[in-house]
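**Student:** Before I ask anything, let me first share the structure, which is written out below as structure tokens.
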Amino acid sequence: MVDVILGLQWGDEGKGKIVDFFAPRYDVVARFQGGPNAGHTLYVDSKKVVLHQIPSGIFHDEAINLIGNGVVLDPVTFKRECASVASFGVDYKKNLFISQRAHLIVPTHRALDKASEISKGNEKIGSTLKGIGPAYMDKTGRNGLRVGDLLDKNFTTEYIKLRLKHQRLLDGMNFQEDISAWEEEFFEAIDFIRQFKIVNGEYFINDKIQQGKKVLAEGAQGSMLDVDFGTFPFVTSSNTISAGVCTGLGIAPQKIKDVIGVSKAYCTRVGSGPFPTELNDETGEELRKIGSEFGATTGRPRRCGWIDLVALKFACMINGVTKIVMTKADVLDAFDKLQVCTAYNINGKESAEIPFQMNKLEMKPVLKSFAGWNTDITAIKKSNDIPLAMKEYISFINQFLGVSIQYISNGPGRDQLIENLG
């Protein structure tokens with residue numbers, strides 16, 4: 001049995017804490033896509049830790065953690081991340097496994113990412129410049145190096161061939177950067193990865209399922225950044241939706257049971273791209289300030305706006321979401337009035353569907369207003385104690401989506417989660 005946790009917006013929904021909360025109920029936690037552009041923030045012993053590639057079950061002693069084949073792995077970031085995890089007294093080598101089919105991010109991928117973003121000028125997509133896009137391009141172009149290649153005696157030769165290919169591309173883009181320091185770090189990190197349990201991931205995970213183990217598949221980023229169904233071209237390079245679990249871990253669709261979607265009580269987005277409910281005013285600034293909306297990976301200020309139910313319903317549909325976790329509900333405590341987007345006005349016509357290409361249309365959100373609850377909800381433990389105005393807000397969202405919010409995160413702490421909402 002496999003359950004999935006993934007984001008329903010443009011990432012940054014607070015998935016790390018939610019995976020950390022659910023992890024004790026599972027035997028295996030597996031990352032199925034993405035790379036170091038994703039940052040999952042957790043609080044362990046009241047200390048903040050951000051995981052970029054290691055599954056969020058790493059802090060649970062009995063949980064097996066798998067980095068699946070759908071992930072693109074940056075060895076340097078991975079090594080640093082392991083050091084961060086070790087500072088909490090965790091023996092990360094004990095229960096951390098890496099699929100041999102996971103692709104590697106090499107130094108020239110980062111250079112290509114930077115060169116590509118610079119060349120776009122004002123049409124930048126807002127890349128984190130971590131080399132994710134070029135790594136996935138090499139994967140689909142059948143040029144990439146994989147974790148399993150590290151065990152081959154010819155790895156360095158294959159690396160040099162790939163680097164020369166990349167250098168020709170960089171020369172054509174007139175991009176000059178000394179990557180020698182990057183390479184030194186890279187090869188140190190490569191030696192570090194060789195110490196881990198590198199496994200045939202698809203057999204590994206299916207054996208666990210066959211043994212009756214409970215598996216939690218952990219997604220990175222959000223559904224609206226999916227390369228097929230997101231706000232293209234302002235998307236990531238992988239399938240962030242539940243279908244990506246099958247290709248990113250090597251499991252069959254019928255093995256998936258629950259799809260747990262994570263959504264903020266409002267919306268945020270990092271980088272460029274369409275954002276129909278964005279608030280470029282004092283309200284948007286207040287959401288950013290109260291919610292500490294700055295990227296876990298980049299530190300960039302996030303764009304903020306009201307919750308977009310059109311996009312959220314779309315995400316629930318394409319993922320087959322069975323239950324929703326609403327995060328950062330406490331950020332709305334101070335607002336007298338709340339709004340939700342129920343439709344788009346596109347060229348004078350109202351629509352409740354995600355259009356083909358948002359950024360080429362004149363779009364305005366159709367908003368419905370709700371009274372705020374003006375109550376500090378951070379100490380609430382039981383659903384019965386939720387303020388009436390908040391219950392009305394949630395009830396409307398449930399009815400609109402056709403999927404129920406069953407958990408509410410009301411603060412960053414591990415214990416700040418209201419369960420059993422129905």
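Following the order of the structure tokens, chains are lettered A, B, ..., residues in each are numbered from 1, and ligands are numbered from 1.
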Could you name the residues that touch Ile179 (chain A) at 10 Å or less, counting only C-alpha atoms, but leaving out those on the same chain fewer than 6 positions away, as a PyMOL selection string?

**Tutor:** chain A and resi 107-108+110-111

**Student:** With a distance cut-off of 8 Å and only C-alpha atoms, select the neighbouring residues of region 262-274 of chain A, excluding the residue or stretch itself and same-chain residues fewer than 6 positions from it, and output the selection as a count of residues only.

**Tutor:** 37

**Student:** Could you name the residues that touch Leu169 (chain A) at 12 Å or less, counting only C-alpha atoms, but leaving out those on the same chain fewer than 5 positions away, as a JSON list (two decimals) with N, CA and C atoms, in the first residue's frame?

**Tutor:**
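The result, stored in out_37.json:
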```
[["chain", "number", "residue", "atom", "x", "y", "z"],
["A", 108, "THR", "N", 28.60, 21.31, -14.59],
["A", 108, "THR", "CA", 28.23, 22.03, -15.81],
["A", 108, "THR", "C", 26.71, 22.15, -15.99],
["A", 109, "HIS", "N", 25.93, 21.32, -15.32],
["A", 109, "HIS", "CA", 24.47, 21.52, -15.32],
["A", 109, "HIS", "C", 24.12, 22.85, -14.68],
["A", 111, "ALA", "N", 26.09, 25.47, -14.51],
["A", 111, "ALA", "CA", 26.54, 26.51, -15.43],
["A", 111, "ALA", "C", 25.55, 26.71, -16.57],
["A", 112, "LEU", "N", 25.04, 25.60, -17.12],
["A", 112, "LEU", "CA", 24.06, 25.68, -18.20],
["A", 112, "LEU", "C", 22.76, 26.34, -17.73],
["A", 113, "ASP", "N", 22.36, 26.02, -16.52],
["A", 113, "ASP", "CA", 21.15, 26.62, -15.94],
["A", 113, "ASP", "C", 21.30, 28.14, -15.86],
["A", 115, "ALA", "N", 23.47, 30.08, -17.51],
["A", 115, "ALA", "CA", 23.61, 30.65, -18.84],
["A", 115, "ALA", "C", 22.25, 30.78, -19.53],
["A", 116, "SER", "N", 21.43, 29.75, -19.39],
["A", 116, "SER", "CA", 20.10, 29.76, -20.00],
["A", 116, "SER", "C", 19.23, 30.85, -19.41],
["A", 134, "PRO", "N", 18.69, 21.45, -16.76],
["A", 134, "PRO", "CA", 19.66, 20.77, -17.64],
["A", 134, "PRO", "C", 19.85, 19.29, -17.30],
["A", 162, "LEU", "N", 30.76, 14.01, -20.82],
["A", 162, "LEU", "CA", 29.57, 14.84, -20.63],
["A", 162, "LEU", "C", 29.96, 16.31, -20.42],
["A", 163, "ARG", "N", 31.02, 16.53, -19.66],
["A", 163, "ARG", "CA", 31.47, 17.91, -19.41],
["A", 163, "ARG", "C", 31.87, 18.59, -20.72],
["A", 164, "LEU", "N", 32.60, 17.89, -21.58],
["A", 164, "LEU", "CA", 33.01, 18.46, -22.88],
["A", 164, "LEU", "C", 31.81, 18.81, -23.74],
["A", 174, "ASN", "N", 28.37, 31.81, -25.28],
["A", 174, "ASN", "CA", 29.35, 32.83, -24.87],
["A", 174, "ASN", "C", 29.35, 33.01, -23.36],
["A", 175, "PHE", "N", 29.27, 31.89, -22.66],
["A", 175, "PHE", "CA", 29.23, 31.92, -21.19],
["A", 175, "PHE", "C", 30.54, 31.39, -20.64],
["A", 176, "GLN", "N", 31.19, 32.21, -19.83],
["A", 176, "GLN", "CA", 32.48, 31.84, -19.27],
["A", 176, "GLN", "C", 32.41, 31.83, -17.75]]
```

**Student:** Could you give me, as a PyMOL selection string, the residues within 7 Å of Asn65 (chain A), counting only C-alpha atoms and dropping anything in the same chain fewer than 6 positions from it?

**Tutor:** chain A and resi 28-30+55+57-58+95-97

**Student:** Could you turn the residues from that selection into a file that holds C-alpha atoms, as a JSON list (two decimals), in the first residue's frame?

**Tutor:**
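This is the output file part.json:
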```
[["chain", "number", "residue", "atom", "x", "y", "z"],
["A", 28, "VAL", "CA", 9.12, 3.65, 4.12],
["A", 29, "VAL", "CA", 9.27, 7.31, 3.05],
["A", 30, "ALA", "CA", 10.33, 7.80, -0.58],
["A", 55, "PRO", "CA", 13.16, 12.27, 2.44],
["A", 57, "GLY", "CA", 11.20, 10.59, 7.27],
["A", 58, "ILE", "CA", 14.92, 10.70, 8.09],
["A", 95, "ASN", "CA", 18.13, 3.91, 6.87],
["A", 96, "LEU", "CA", 18.87, 6.00, 3.77],
["A", 97, "PHE", "CA", 18.90, 4.29, 0.38]]
```

**Student:** Among region 79-302 of chain A, which residues does DSSP mark as alpha helix (DSSP H) when it is run on the backbone? Keep the chain and numbering as in the structure and answer as a compact mmCIF listing (two decimals) with N, CA and C atoms, in the first residue's frame.

**Tutor:**
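part_26.txt written:
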```txt
# COMPACT_ATOMS: atom_id res chain seq x y z
N LYS A 79 25.67 16.03 0.30
CA LYS A 79 26.69 15.88 1.34
C LYS A 79 26.47 16.90 2.46
N ARG A 80 26.21 18.14 2.09
CA ARG A 80 25.96 19.19 3.09
C ARG A 80 24.71 18.87 3.91
N GLU A 81 23.71 18.37 3.23
CA GLU A 81 22.45 18.04 3.89
C GLU A 81 22.64 16.92 4.91
N CYS A 82 23.45 15.94 4.55
CA CYS A 82 23.74 14.84 5.48
C CYS A 82 24.43 15.37 6.73
N ALA A 83 25.33 16.33 6.56
CA ALA A 83 26.02 16.94 7.72
C ALA A 83 25.01 17.65 8.62
N SER A 84 24.04 18.31 8.01
CA SER A 84 23.00 19.00 8.78
C SER A 84 22.16 18.01 9.57
N VAL A 85 21.79 16.91 8.93
CA VAL A 85 21.00 15.86 9.59
C VAL A 85 21.80 15.23 10.74
N ALA A 86 23.09 15.01 10.51
CA ALA A 86 23.95 14.41 11.53
C ALA A 86 24.06 15.28 12.77
N PRO A 107 28.53 19.70 -12.19
CA PRO A 107 28.81 21.14 -12.16
C PRO A 107 28.38 21.90 -13.41
N THR A 108 28.60 21.31 -14.59
CA THR A 108 28.23 22.03 -15.81
C THR A 108 26.71 22.15 -15.99
N HIS A 109 25.93 21.32 -15.32
CA HIS A 109 24.47 21.52 -15.32
C HIS A 109 24.12 22.85 -14.68
N ARG A 110 24.80 23.17 -13.58
CA ARG A 110 24.57 24.45 -12.90
C ARG A 110 24.97 25.61 -13.81
N ALA A 111 26.09 25.47 -14.51
CA ALA A 111 26.54 26.51 -15.43
C ALA A 111 25.55 26.71 -16.57
N LEU A 112 25.04 25.60 -17.12
CA LEU A 112 24.06 25.68 -18.20
C LEU A 112 22.76 26.34 -17.73
N ASP A 113 22.36 26.02 -16.52
CA ASP A 113 21.15 26.62 -15.94
C ASP A 113 21.30 28.14 -15.86
N LYS A 114 22.45 28.57 -15.35
CA LYS A 114 22.72 30.00 -15.20
C LYS A 114 22.79 30.69 -16.56
N ALA A 115 23.47 30.08 -17.51
CA ALA A 115 23.61 30.65 -18.84
C ALA A 115 22.25 30.78 -19.53
N SER A 116 21.43 29.75 -19.39
CA SER A 116 20.10 29.76 -20.00
C SER A 116 19.23 30.85 -19.41
N GLU A 117 19.27 31.01 -18.09
CA GLU A 117 18.44 32.02 -17.43
C GLU A 117 18.88 33.43 -17.82
N ILE A 118 20.18 33.63 -17.91
CA ILE A 118 20.71 34.95 -18.31
C ILE A 118 20.26 35.29 -19.74
N SER A 119 20.29 34.28 -20.60
CA SER A 119 19.95 34.51 -22.01
C SER A 119 18.48 34.89 -22.21
N ILE A 132 18.82 21.82 -12.19
CA ILE A 132 17.75 20.79 -12.30
C ILE A 132 17.28 20.63 -13.75
N GLY A 133 16.95 21.75 -14.40
CA GLY A 133 16.44 21.69 -15.77
C GLY A 133 17.41 21.00 -16.71
N PRO A 134 18.69 21.45 -16.76
CA PRO A 134 19.66 20.77 -17.64
C PRO A 134 19.85 19.29 -17.30
N ALA A 135 19.76 18.93 -16.02
CA ALA A 135 19.91 17.51 -15.64
C ALA A 135 18.76 16.69 -16.21
N TYR A 136 17.53 17.21 -16.10
CA TYR A 136 16.38 16.50 -16.67
C TYR A 136 16.45 16.48 -18.21
N MET A 137 17.01 17.54 -18.81
CA MET A 137 17.18 17.55 -20.27
C MET A 137 18.15 16.45 -20.70
N ASP A 138 19.21 16.27 -19.93
CA ASP A 138 20.14 15.18 -20.25
C ASP A 138 19.50 13.82 -20.05
N LYS A 139 18.61 13.74 -19.08
CA LYS A 139 17.89 12.48 -18.83
C LYS A 139 17.04 12.12 -20.05
N THR A 140 16.22 13.08 -20.52
CA THR A 140 15.36 12.80 -21.67
C THR A 140 16.17 12.72 -22.96
N PHE A 155 33.68 5.79 -14.56
CA PHE A 155 32.83 6.95 -14.27
C PHE A 155 33.50 8.27 -14.65
N THR A 156 34.78 8.44 -14.29
CA THR A 156 35.46 9.71 -14.55
C THR A 156 35.55 9.98 -16.05
N THR A 157 35.79 8.94 -16.83
CA THR A 157 35.85 9.09 -18.29
C THR A 157 34.50 9.54 -18.84
N GLU A 158 33.44 8.92 -18.35
CA GLU A 158 32.08 9.29 -18.79
C GLU A 158 31.74 10.71 -18.36
N TYR A 159 32.20 11.08 -17.18
CA TYR A 159 31.96 12.45 -16.70
C TYR A 159 32.64 13.46 -17.62
N ILE A 160 33.89 13.20 -17.99
CA ILE A 160 34.63 14.13 -18.84
C ILE A 160 33.95 14.28 -20.20
N LYS A 161 33.45 13.18 -20.76
CA LYS A 161 32.73 13.24 -22.04
C LYS A 161 31.51 14.14 -21.93
N LEU A 162 30.76 14.01 -20.82
CA LEU A 162 29.57 14.84 -20.63
C LEU A 162 29.96 16.31 -20.42
N ARG A 163 31.02 16.53 -19.66
CA ARG A 163 31.47 17.91 -19.41
C ARG A 163 31.87 18.59 -20.72
N LEU A 164 32.60 17.89 -21.58
CA LEU A 164 33.01 18.46 -22.88
C LEU A 164 31.81 18.81 -23.74
N LYS A 165 30.81 17.94 -23.72
CA LYS A 165 29.57 18.21 -24.47
C LYS A 165 28.92 19.49 -23.95
N HIS A 166 28.86 19.61 -22.63
CA HIS A 166 28.26 20.81 -22.01
C HIS A 166 29.10 22.05 -22.32
N GLN A 167 30.42 21.89 -22.33
CA GLN A 167 31.29 23.05 -22.57
C GLN A 167 31.08 23.61 -23.96
N ARG A 168 30.84 22.74 -24.93
CA ARG A 168 30.55 23.22 -26.30
C ARG A 168 29.28 24.06 -26.31
N LEU A 169 28.28 23.61 -25.55
CA LEU A 169 27.04 24.39 -25.46
C LEU A 169 27.28 25.73 -24.78
N LEU A 170 28.07 25.72 -23.72
CA LEU A 170 28.37 26.95 -22.99
C LEU A 170 29.16 27.92 -23.86
N ASP A 171 30.09 27.38 -24.65
CA ASP A 171 30.87 28.23 -25.56
C ASP A 171 29.95 28.89 -26.59
N GLY A 172 28.97 28.11 -27.05
CA GLY A 172 28.01 28.66 -28.03
C GLY A 172 27.14 29.75 -27.44
N SER A 180 36.21 24.95 -11.80
CA SER A 180 37.18 24.03 -11.20
C SER A 180 36.92 23.82 -9.71
N ALA A 181 36.54 24.89 -9.01
CA ALA A 181 36.22 24.76 -7.57
C ALA A 181 34.97 23.90 -7.39
N TRP A 182 34.01 24.06 -8.30
CA TRP A 182 32.79 23.24 -8.25
C TRP A 182 33.14 21.77 -8.43
N GLU A 183 34.08 21.49 -9.36
CA GLU A 183 34.44 20.10 -9.64
C GLU A 183 35.15 19.45 -8.45
N GLU A 184 35.97 20.22 -7.77
CA GLU A 184 36.67 19.67 -6.61
C GLU A 184 35.67 19.22 -5.55
N GLU A 185 34.68 20.08 -5.29
CA GLU A 185 33.61 19.74 -4.35
C GLU A 185 32.82 18.54 -4.84
N PHE A 186 32.55 18.53 -6.14
CA PHE A 186 31.74 17.48 -6.75
C PHE A 186 32.37 16.10 -6.54
N PHE A 187 33.65 15.96 -6.83
CA PHE A 187 34.29 14.65 -6.72
C PHE A 187 34.47 14.21 -5.26
N GLU A 188 34.61 15.15 -4.36
CA GLU A 188 34.60 14.80 -2.93
C GLU A 188 33.24 14.24 -2.54
N ALA A 189 32.19 14.88 -3.05
CA ALA A 189 30.82 14.44 -2.74
C ALA A 189 30.50 13.10 -3.40
N ILE A 190 31.08 12.86 -4.59
CA ILE A 190 30.89 11.58 -5.28
C ILE A 190 31.44 10.44 -4.43
N ASP A 191 32.63 10.64 -3.89
CA ASP A 191 33.22 9.62 -3.00
C ASP A 191 32.36 9.40 -1.77
N PHE A 192 31.74 10.46 -1.29
CA PHE A 192 30.86 10.38 -0.13
C PHE A 192 29.62 9.53 -0.44
N ILE A 193 29.04 9.72 -1.62
CA ILE A 193 27.83 8.97 -2.00
C ILE A 193 28.13 7.48 -2.15
N GLY A 201 16.17 0.57 -7.11
CA GLY A 201 15.05 1.19 -6.41
C GLY A 201 13.70 0.58 -6.65
N GLU A 202 13.41 0.22 -7.91
CA GLU A 202 12.08 -0.31 -8.22
C GLU A 202 11.85 -1.68 -7.59
N TYR A 203 12.88 -2.54 -7.57
CA TYR A 203 12.77 -3.82 -6.88
C TYR A 203 12.70 -3.61 -5.37
N PHE A 204 13.51 -2.69 -4.89
CA PHE A 204 13.57 -2.39 -3.46
C PHE A 204 12.19 -1.98 -2.93
N ILE A 205 11.54 -1.03 -3.61
CA ILE A 205 10.26 -0.50 -3.12
C ILE A 205 9.15 -1.53 -3.30
N ASN A 206 9.18 -2.27 -4.40
CA ASN A 206 8.13 -3.28 -4.63
C ASN A 206 8.27 -4.46 -3.68
N ASP A 207 9.49 -4.79 -3.30
CA ASP A 207 9.68 -5.83 -2.29
C ASP A 207 9.06 -5.40 -0.96
N LYS A 208 9.24 -4.13 -0.61
CA LYS A 208 8.66 -3.61 0.64
C LYS A 208 7.13 -3.67 0.60
N ILE A 209 6.57 -3.31 -0.56
CA ILE A 209 5.10 -3.37 -0.72
C ILE A 209 4.62 -4.81 -0.61
N GLN A 210 5.36 -5.73 -1.25
CA GLN A 210 5.02 -7.15 -1.22
C GLN A 210 5.05 -7.70 0.21
N ALA A 243 0.77 11.03 -10.64
CA ALA A 243 1.23 10.13 -11.71
C ALA A 243 2.75 9.97 -11.67
N GLY A 244 3.45 11.00 -11.18
CA GLY A 244 4.90 10.95 -11.09
C GLY A 244 5.40 9.93 -10.09
N VAL A 245 4.53 9.49 -9.18
CA VAL A 245 4.91 8.46 -8.21
C VAL A 245 5.24 7.15 -8.93
N CYS A 246 4.45 6.83 -9.95
CA CYS A 246 4.64 5.57 -10.67
C CYS A 246 5.96 5.57 -11.43
N THR A 247 6.24 6.66 -12.15
CA THR A 247 7.47 6.72 -12.93
C THR A 247 8.68 7.06 -12.06
N GLY A 248 8.45 7.76 -10.95
CA GLY A 248 9.55 8.19 -10.10
C GLY A 248 10.00 7.17 -9.08
N LEU A 249 9.21 6.10 -8.90
CA LEU A 249 9.59 5.04 -7.96
C LEU A 249 9.53 3.65 -8.60
N GLU A 282 -0.86 46.29 0.42
CA GLU A 282 -0.55 46.13 1.84
C GLU A 282 -0.97 44.75 2.37
N THR A 283 -2.09 44.24 1.84
CA THR A 283 -2.57 42.93 2.28
C THR A 283 -1.58 41.84 1.90
N GLY A 284 -1.08 41.92 0.66
CA GLY A 284 -0.08 40.95 0.22
C GLY A 284 1.19 41.04 1.04
N GLU A 285 1.59 42.26 1.38
CA GLU A 285 2.78 42.45 2.19
C GLU A 285 2.57 41.91 3.60
N GLU A 286 1.35 42.08 4.13
CA GLU A 286 1.05 41.57 5.47
C GLU A 286 1.07 40.05 5.50
N LEU A 287 0.53 39.42 4.45
CA LEU A 287 0.58 37.96 4.35
C LEU A 287 2.04 37.48 4.34
N ARG A 288 2.88 38.18 3.58
CA ARG A 288 4.29 37.80 3.48
C ARG A 288 4.98 37.95 4.84
N LYS A 289 4.67 39.05 5.52
CA LYS A 289 5.33 39.33 6.80
C LYS A 289 4.90 38.33 7.88
N ILE A 290 3.59 38.15 8.03
CA ILE A 290 3.08 37.25 9.07
C ILE A 290 3.47 35.81 8.78
```

**Student:** Please list as a PyMOL selection string every residue within 7 Å of Phe335 (chain A), counting only C-alpha atoms and excluding residues in the same chain fewer than 2 positions away.

**Tutor:** chain A and resi 332-333+337-338+372+374

**Student:** I'd like the contact shell of Gly230 (chain A) - 12 Å cut-off, only C-alpha atoms, skipping same-chain residues fewer than 4 positions apart - returned as number ranges by chain.

**Tutor:** A: 8-11, 221-226, 234-241, 273-275, 311-312, 314-315, 318, 354-359

**Student:** Could you turn the residues from that selection into a file that holds C-alpha atoms, as a tab-separated table (two decimals), in the first residue's frame?

**Tutor:**
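Result saved to part.tsv:
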```
chain	number	residue	atom	x	y	z
A	8	LEU	CA	-1.47	21.39	-4.61
A	9	GLN	CA	-0.24	24.91	-5.37
A	10	TRP	CA	3.06	26.41	-6.60
A	11	GLY	CA	5.14	24.66	-3.96
A	221	GLN	CA	7.28	21.53	-5.25
A	222	GLY	CA	3.60	21.71	-6.27
A	223	SER	CA	1.04	20.54	-8.80
A	224	MET	CA	0.83	23.92	-10.54
A	225	LEU	CA	4.54	23.57	-11.37
A	226	ASP	CA	4.07	20.20	-13.09
A	234	PHE	CA	6.90	28.76	-15.76
A	235	VAL	CA	7.12	25.23	-14.40
A	236	THR	CA	9.68	22.77	-13.10
A	237	SER	CA	11.17	19.96	-15.20
A	238	SER	CA	9.43	16.96	-13.64
A	239	ASN	CA	5.97	15.54	-13.01
A	240	THR	CA	5.03	16.81	-9.56
A	241	ILE	CA	1.59	15.17	-9.58
A	273	GLY	CA	4.78	33.15	-13.89
A	274	PRO	CA	1.04	33.77	-13.74
A	275	PHE	CA	-0.59	34.23	-10.34
A	311	ALA	CA	-6.45	26.06	-9.44
A	312	LEU	CA	-6.95	24.01	-6.29
A	314	PHE	CA	-7.88	21.44	-10.90
A	315	ALA	CA	-5.01	20.08	-8.79
A	318	ILE	CA	-5.50	15.61	-11.82
A	354	ILE	CA	-7.53	26.52	-15.93
A	355	PRO	CA	-6.78	27.99	-19.37
A	356	PHE	CA	-4.14	26.67	-21.75
A	357	GLN	CA	-1.67	29.51	-21.14
A	358	MET	CA	-2.47	31.97	-18.38
A	359	ASN	CA	0.36	34.36	-19.12
```

**Student:** Enumerate the residues of region 100-337 of chain A with a DSSP assignment of strand (DSSP E), computed from the backbone, and present them as a ChimeraX atom specification.

**Tutor:** /A:103-104,197-199,215-218,256-264,267-269,303-305,307-308,323-327,337

**Student:** Just how far from CA of Tyr43 (chain A) is CA of Asp61 (chain A), in Å to one decimal?

**Tutor:**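 Result for CA of Asp61 (chain A) versus CA of Tyr43 (chain A): 16.0 Å, one decimal.
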
**Student:** Between CA of Leu401 (chain A) and CA of Leu42 (chain A), what is the distance in Å, rounded to a tenth?

**Tutor:**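 Separating CA of Leu401 (chain A) from CA of Leu42 (chain A) is a distance of 28.1 Å.
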
**Student:** Could you tell me how far CA of Cys316 (chain A) lies from CA of Asp258 (chain A), in Å and to one decimal?

**Tutor:**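 Value for the CA of Cys316 (chain A)-CA of Asp258 (chain A) distance: 12.2 Å.
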